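**Student:** This is entry_12.cif (mmCIF, C-alpha atoms).
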data_input
loop_
_atom_site.group_PDB
_atom_site.id
_atom_site.type_symbol
_atom_site.label_atom_id
_atom_site.label_comp_id
_atom_site.auth_asym_id
_atom_site.auth_seq_id
_atom_site.Cartn_x
_atom_site.Cartn_y
_atom_site.Cartn_z
ATOM 1 C CA MET A 1 176.216 90.946 161.832
ATOM 2 C CA HIS A 2 172.673 90.919 160.392
ATOM 3 C CA LYS A 3 169.874 91.989 162.742
ATOM 4 C CA ASP A 4 166.348 90.722 162.304
ATOM 5 C CA ILE A 5 163.295 92.525 163.626
ATOM 6 C CA LEU A 6 160.971 90.539 165.847
ATOM 7 C CA LYS A 7 157.569 92.225 166.208
ATOM 8 C CA VAL A 8 155.871 91.375 169.506
ATOM 9 C CA VAL A 9 152.383 92.698 170.317
ATOM 10 C CA LEU A 10 151.099 93.030 173.893
ATOM 11 C CA ILE A 11 147.307 92.702 174.211
ATOM 12 C CA GLY A 12 144.803 92.508 177.051
ATOM 13 C CA ASP A 13 142.297 94.589 178.987
ATOM 14 C CA GLY A 14 143.034 98.161 180.009
ATOM 15 C CA GLY A 15 144.768 98.411 183.379
ATOM 16 C CA VAL A 16 146.355 94.928 183.395
ATOM 17 C CA GLY A 17 149.853 96.428 183.149
ATOM 18 C CA LYS A 18 150.953 95.992 179.519
ATOM 19 C CA THR A 19 152.772 99.338 179.450
ATOM 20 C CA SER A 20 154.286 98.701 182.892
ATOM 21 C CA LEU A 21 155.593 95.267 181.854
ATOM 22 C CA ARG A 22 157.196 96.746 178.753
ATOM 23 C CA ASN A 23 158.716 99.655 180.691
ATOM 24 C CA GLN A 24 160.068 97.308 183.367
ATOM 25 C CA TYR A 25 161.655 95.109 180.677
ATOM 26 C CA ILE A 26 163.173 97.956 178.645
ATOM 27 C CA HIS A 27 163.935 100.637 181.268
ATOM 28 C CA LYS A 28 163.768 98.718 184.592
ATOM 29 C CA LYS A 29 161.281 101.368 185.777
ATOM 30 C CA PHE A 30 157.780 101.312 187.233
ATOM 31 C CA THR A 31 155.285 104.078 187.936
ATOM 32 C CA ASN A 32 152.079 103.798 189.974
ATOM 33 C CA ALA A 33 150.333 106.457 187.876
ATOM 34 C CA TYR A 34 147.919 104.851 185.397
ATOM 35 C CA LYS A 35 147.685 106.462 181.982
ATOM 36 C CA ALA A 36 145.673 104.595 179.349
ATOM 37 C CA THR A 37 147.489 103.857 176.086
ATOM 38 C CA ILE A 38 145.812 105.510 173.110
ATOM 39 C CA GLY A 39 146.238 103.512 169.907
ATOM 40 C CA ALA A 40 149.646 101.848 170.100
ATOM 41 C CA ASP A 41 153.352 102.555 170.199
ATOM 42 C CA PHE A 42 156.512 100.487 170.301
ATOM 43 C CA ILE A 43 159.970 100.392 171.824
ATOM 44 C CA THR A 44 162.852 98.339 170.450
ATOM 45 C CA LYS A 45 165.412 96.313 172.393
ATOM 46 C CA GLU A 46 168.256 94.143 171.106
ATOM 47 C CA VAL A 47 168.084 90.549 172.320
ATOM 48 C CA GLU A 48 170.116 87.438 171.588
ATOM 49 C CA THR A 49 168.517 84.157 170.559
ATOM 50 C CA ASP A 50 169.650 80.699 171.724
ATOM 51 C CA ASP A 51 171.868 80.313 168.667
ATOM 52 C CA GLY A 52 173.656 83.622 169.294
ATOM 53 C CA LYS A 53 171.835 85.686 166.662
ATOM 54 C CA LYS A 54 171.137 89.343 167.437
ATOM 55 C CA VAL A 55 167.468 90.254 167.077
ATOM 56 C CA MET A 56 165.792 93.639 167.456
ATOM 57 C CA MET A 57 162.653 92.975 169.494
ATOM 58 C CA GLN A 58 160.016 95.573 168.632
ATOM 59 C CA ILE A 59 157.526 95.529 171.530
ATOM 60 C CA TRP A 60 154.145 96.989 170.605
ATOM 61 C CA ASP A 61 152.000 98.256 173.461
ATOM 62 C CA THR A 62 148.330 98.426 172.436
ATOM 63 C CA ALA A 63 145.260 100.090 173.932
ATOM 64 C CA GLY A 64 143.099 97.854 176.097
ATOM 65 C CA GLN A 65 140.057 100.119 176.016
ATOM 66 C CA GLU A 66 137.180 98.910 173.875
ATOM 67 C CA ARG A 67 136.905 102.167 171.914
ATOM 68 C CA PHE A 68 140.389 101.585 170.445
ATOM 69 C CA GLN A 69 140.024 97.895 169.588
ATOM 70 C CA SER A 70 139.054 98.580 165.971
ATOM 71 C CA LEU A 71 142.589 99.951 165.482
ATOM 72 C CA GLY A 72 144.017 96.488 166.189
ATOM 73 C CA VAL A 73 144.193 95.422 162.565
ATOM 74 C CA ALA A 74 146.752 98.145 161.813
ATOM 75 C CA TYR A 75 149.020 97.117 164.690
ATOM 76 C CA TYR A 76 148.622 93.329 164.639
ATOM 77 C CA ARG A 77 149.594 92.753 161.015
ATOM 78 C CA GLY A 78 153.142 91.464 160.588
ATOM 79 C CA ALA A 79 153.486 90.366 164.217
ATOM 80 C CA ASP A 80 155.869 87.483 164.971
ATOM 81 C CA ALA A 81 154.502 86.799 168.457
ATOM 82 C CA CYS A 82 151.698 87.948 170.719
ATOM 83 C CA VAL A 83 151.680 88.315 174.506
ATOM 84 C CA LEU A 84 148.288 87.920 176.206
ATOM 85 C CA VAL A 85 148.367 89.913 179.448
ATOM 86 C CA TYR A 86 145.891 89.615 182.320
ATOM 87 C CA ASP A 87 145.801 90.696 185.966
ATOM 88 C CA VAL A 88 145.876 87.734 188.396
ATOM 89 C CA ASN A 89 143.677 89.821 190.723
ATOM 90 C CA ASN A 90 140.986 90.508 188.102
ATOM 91 C CA PHE A 91 139.061 87.473 186.861
ATOM 92 C CA LEU A 92 137.337 89.392 184.039
ATOM 93 C CA SER A 93 140.710 90.290 182.517
ATOM 94 C CA PHE A 94 141.500 86.559 182.451
ATOM 95 C CA GLN A 95 138.121 85.649 180.922
ATOM 96 C CA HIS A 96 138.617 88.293 178.231
ATOM 97 C CA LEU A 97 141.802 86.570 176.984
ATOM 98 C CA GLU A 98 139.589 84.396 174.783
ATOM 99 C CA ARG A 99 138.226 87.427 172.951
ATOM 100 C CA TRP A 100 141.645 89.091 172.745
ATOM 101 C CA ARG A 101 143.175 85.938 171.248
ATOM 102 C CA GLU A 102 140.382 85.522 168.693
ATOM 103 C CA ASP A 103 140.463 89.200 167.679
ATOM 104 C CA PHE A 104 144.239 89.145 167.305
ATOM 105 C CA LEU A 105 144.277 86.013 165.130
ATOM 106 C CA LYS A 106 141.408 87.322 162.997
ATOM 107 C CA GLN A 107 142.706 90.883 162.584
ATOM 108 C CA SER A 108 146.301 89.850 161.906
ATOM 109 C CA SER A 109 145.041 88.263 158.650
ATOM 110 C CA LEU A 110 146.930 85.004 159.158
ATOM 111 C CA PRO A 111 146.019 81.958 157.070
ATOM 112 C CA THR A 112 144.094 79.395 159.178
ATOM 113 C CA GLU A 113 146.995 76.930 159.480
ATOM 114 C CA GLU A 114 149.442 79.672 160.519
ATOM 115 C CA ALA A 115 146.951 81.053 163.049
ATOM 116 C CA ARG A 116 146.644 77.612 164.701
ATOM 117 C CA HIS A 117 150.392 77.501 165.385
ATOM 118 C CA PHE A 118 151.067 81.218 165.966
ATOM 119 C CA PRO A 119 153.479 81.948 168.869
ATOM 120 C CA LEU A 120 151.418 83.148 171.840
ATOM 121 C CA LEU A 121 152.607 83.677 175.404
ATOM 122 C CA MET A 122 150.583 84.473 178.552
ATOM 123 C CA ILE A 123 151.626 86.782 181.370
ATOM 124 C CA GLY A 124 149.579 86.992 184.569
ATOM 125 C CA ASN A 125 150.677 90.351 185.977
ATOM 126 C CA LYS A 126 150.483 91.995 189.426
ATOM 127 C CA ILE A 127 151.559 88.985 191.511
ATOM 128 C CA ASP A 128 152.923 91.509 194.042
ATOM 129 C CA ILE A 129 149.306 92.300 195.073
ATOM 130 C CA ASP A 130 147.944 89.767 197.541
ATOM 131 C CA ASP A 131 144.407 89.574 196.135
ATOM 132 C CA ARG A 132 144.709 86.732 193.605
ATOM 133 C CA VAL A 133 141.557 85.374 191.942
ATOM 134 C CA VAL A 134 143.179 83.551 188.985
ATOM 135 C CA SER A 135 145.193 80.474 189.979
ATOM 136 C CA ARG A 136 148.250 79.148 188.153
ATOM 137 C CA ARG A 137 146.282 75.973 187.477
ATOM 138 C CA GLN A 138 143.489 77.936 185.739
ATOM 139 C CA ALA A 139 146.016 79.788 183.577
ATOM 140 C CA ARG A 140 147.831 76.580 182.608
ATOM 141 C CA ALA A 141 144.524 74.868 181.766
ATOM 142 C CA TRP A 142 143.535 77.791 179.506
ATOM 143 C CA ALA A 143 146.928 77.689 177.793
ATOM 144 C CA GLU A 144 146.704 73.938 177.253
ATOM 145 C CA ILE A 145 143.248 74.181 175.667
ATOM 146 C CA HIS A 146 144.472 76.866 173.243
ATOM 147 C CA SER A 147 147.870 75.323 172.448
ATOM 148 C CA SER A 148 148.424 73.362 169.257
ATOM 149 C CA ASP A 149 150.481 70.224 168.669
ATOM 150 C CA LYS A 150 153.248 72.406 167.175
ATOM 151 C CA MET A 151 153.064 75.440 169.467
ATOM 152 C CA GLN A 152 152.488 75.381 173.234
ATOM 153 C CA ILE A 153 151.417 78.591 174.982
ATOM 154 C CA PRO A 154 153.878 79.239 177.829
ATOM 155 C CA CYS A 155 152.414 80.767 181.025
ATOM 156 C CA PHE A 156 154.341 83.245 183.110
ATOM 157 C CA GLU A 157 153.325 85.115 186.225
ATOM 158 C CA ALA A 158 155.088 88.409 186.778
ATOM 159 C CA SER A 159 155.187 91.686 188.630
ATOM 160 C CA ALA A 160 155.825 94.779 186.550
ATOM 161 C CA LYS A 161 156.208 96.646 189.848
ATOM 162 C CA ASN A 162 159.148 94.706 191.295
ATOM 163 C CA GLY A 163 160.375 93.045 188.083
ATOM 164 C CA ASP A 164 159.683 89.408 189.048
ATOM 165 C CA ASN A 165 159.824 87.159 185.937
ATOM 166 C CA VAL A 166 159.551 90.079 183.483
ATOM 167 C CA GLU A 167 162.976 89.515 181.896
ATOM 168 C CA LYS A 168 162.389 85.756 181.852
ATOM 169 C CA ALA A 169 159.040 86.082 180.030
ATOM 170 C CA PHE A 170 160.352 88.410 177.321
ATOM 171 C CA ALA A 171 163.524 86.329 176.861
ATOM 172 C CA HIS A 172 161.288 83.309 176.244
ATOM 173 C CA ILE A 173 159.623 85.091 173.308
ATOM 174 C CA ALA A 174 162.909 85.244 171.387
ATOM 175 C CA LYS A 175 163.266 81.476 171.879
ATOM 176 C CA MET A 176 159.735 80.786 170.609
ATOM 177 C CA VAL A 177 160.084 82.583 167.303
ATOM 178 C CA LYS A 178 162.402 80.903 164.859
ATOM 179 C CA ILE A 179 163.761 83.005 162.026
ATOM 180 C CA PRO A 180 163.762 80.850 158.889
ATOM 181 C CA GLN A 181 167.328 79.626 158.281
ATOM 182 C CA MET A 182 166.957 80.018 154.513
ATOM 183 C CA GLU A 183 166.178 83.717 155.007
ATOM 184 C CA LEU A 184 169.272 84.146 157.210
ATOM 185 C CA ASP A 185 171.453 82.243 154.717
ATOM 186 C CA MET A 186 170.337 84.570 151.896
ATOM 187 C CA VAL A 187 171.178 87.637 154.001
ATOM 188 C CA ASP A 188 174.619 86.180 154.826
ATOM 189 C CA ILE A 189 175.274 85.447 151.117
ATOM 190 C CA VAL A 190 174.323 89.001 150.097
ATOM 191 C CA ALA A 191 176.489 90.449 152.896
ATOM 192 C CA ALA A 192 179.444 88.260 151.851
ATOM 193 C CA LYS A 193 179.117 89.351 148.197
ATOM 194 C CA LYS A 194 179.080 93.022 149.199
ATOM 195 C CA LYS A 195 182.201 92.459 151.313
ATOM 196 C CA ASP A 196 184.000 90.766 148.391
ATOM 197 C CA LYS A 197 183.321 93.792 146.163
ATOM 198 C CA LEU A 198 184.971 96.191 148.622
#
Have the structure of the file written as structure tokens, please.
**Tutor:**
Amino acid sequence: MHKDILKVVLIGDGGVGKTSLRNQYIHKKFTNAYKATIGADFITKEVETDDGKKVMMQIWDTAGQERFQSLGVAYYRGADACVLVYDVNNFLSFQHLERWREDFLKQSSLPTEEARHFPLLMIGNKIDIDDRVVSRRQARAWAEIHSSDKMQIPCFEASAKNGDNVEKAFAHIAKMVKIPQMELDMVDIVAAKKKDKL
């Protein structure tokens, strides 16, 4: 069976829990020790789409520190989806989503029309900490303002620490990104021809 690669980029301020969300999703592990990501790296996990297709989800974890933001262009290009991560207990991290979104769309070199409908998803992390300053209503309002007629921005709230909604949020990404059927048909035709020759 043919496997497509789905490149997903996690962006947001340093310390919001991008690495922890990814590690919880892939390894079901959490560590309290904070270590800033330098540059970017990725981990791959096989997921299944709604129509039963196997997809390799390549989850890119990027640096949130300002000094590394110029590296974004190298990591954003070729992305199929982007996850905007903020900390529900840190209002600045929520306010900065605007800049993160704009930088991503600009640096990923997407044509204007594609950028308007690019698959984005929001995760408000650290709901296990009882110090919330960003409400669900505020997050939904932000998402609605930045959604297009063809692509809504889903909002999830999660806890990388205890795993709440982490699986659900990442599973939703695979549903958002549609692999062009024509591309899949061509792959199936090529695979069938190779099989016939054997």
**Student:** Using the chain letters and numbering of this document, enumerate as number ranges by chain the residues selected by the PyMOL selection byres ((chain A and resi 170) around 12).
**Tutor:** A: 6, 8-10, 21-26, 45-49, 57-59, 81-83, 120-123, 154-158, 163-169, 171-177
**Student:** May I ask which of the residues A:Asp103, A:Asp149, A:Glu113, A:Asp87 is the closest one to A:Ile129, counting only C-alpha atoms?
**Tutor:**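 Closest candidate: A:Asp87.
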**Student:** Using atom CA of A:Ile11 and atom CA of A:Val133 as the two end points, give the distance in Å to one decimal.
**Tutor:** 20.0 Å
**Student:** I'd like the box whose edges run along x, y and z of the file and which contains every listed atom of stretch 22-29 of chain A, padded by 6 Å per side; could you state its centre and edge lengths in Å, one decimal, as AutoDock Vina command-line options?
**Tutor:**
--center_x 160.6 --center_y 98.2 --center_z 182.2 --size_x 18.7 --size_y 18.3 --size_z 19.1
**Student:** I'd like the interatomic distance between atom CA of A:Gln152 and atom CA of A:Ala115, to a tenth of an Å.
**Tutor:** 12.9 Å
**Student:** May I have the protein, DNA and RNA residues with an atom at most 12 Å from (141.1, 88.8, 185.9), counting all atoms listed in the file in the file's coordinates, returned as number ranges by chain?
**Tutor:** A: 12-17, 85-97, 123-127, 131-135, 138-139
**Student:** Kindly give the distance, in Å, that separates atom CA of A:Phe30 and atom CA of A:Ala160, rounded to a single decimal.
**Tutor:**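 According to the coordinates, atom CA of A:Phe30 and atom CA of A:Ala160 are separated by 6.9 Å.
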**Student:** For the file shown, report as a list in words the outcome of the PyMOL selection byres ((chain A and resi 75-80) around 8) at residue level.
**Tutor:**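 Written out, the selection comes to Leu6, Lys7, Val8, Val9, Ala40, Trp60, Thr62, Leu71, Gly72, Val73, Ala74, Ala81, Cys82, Phe104, Gln107, Ser108, Ser109, Phe118, Pro119 and Val177 of chain A.
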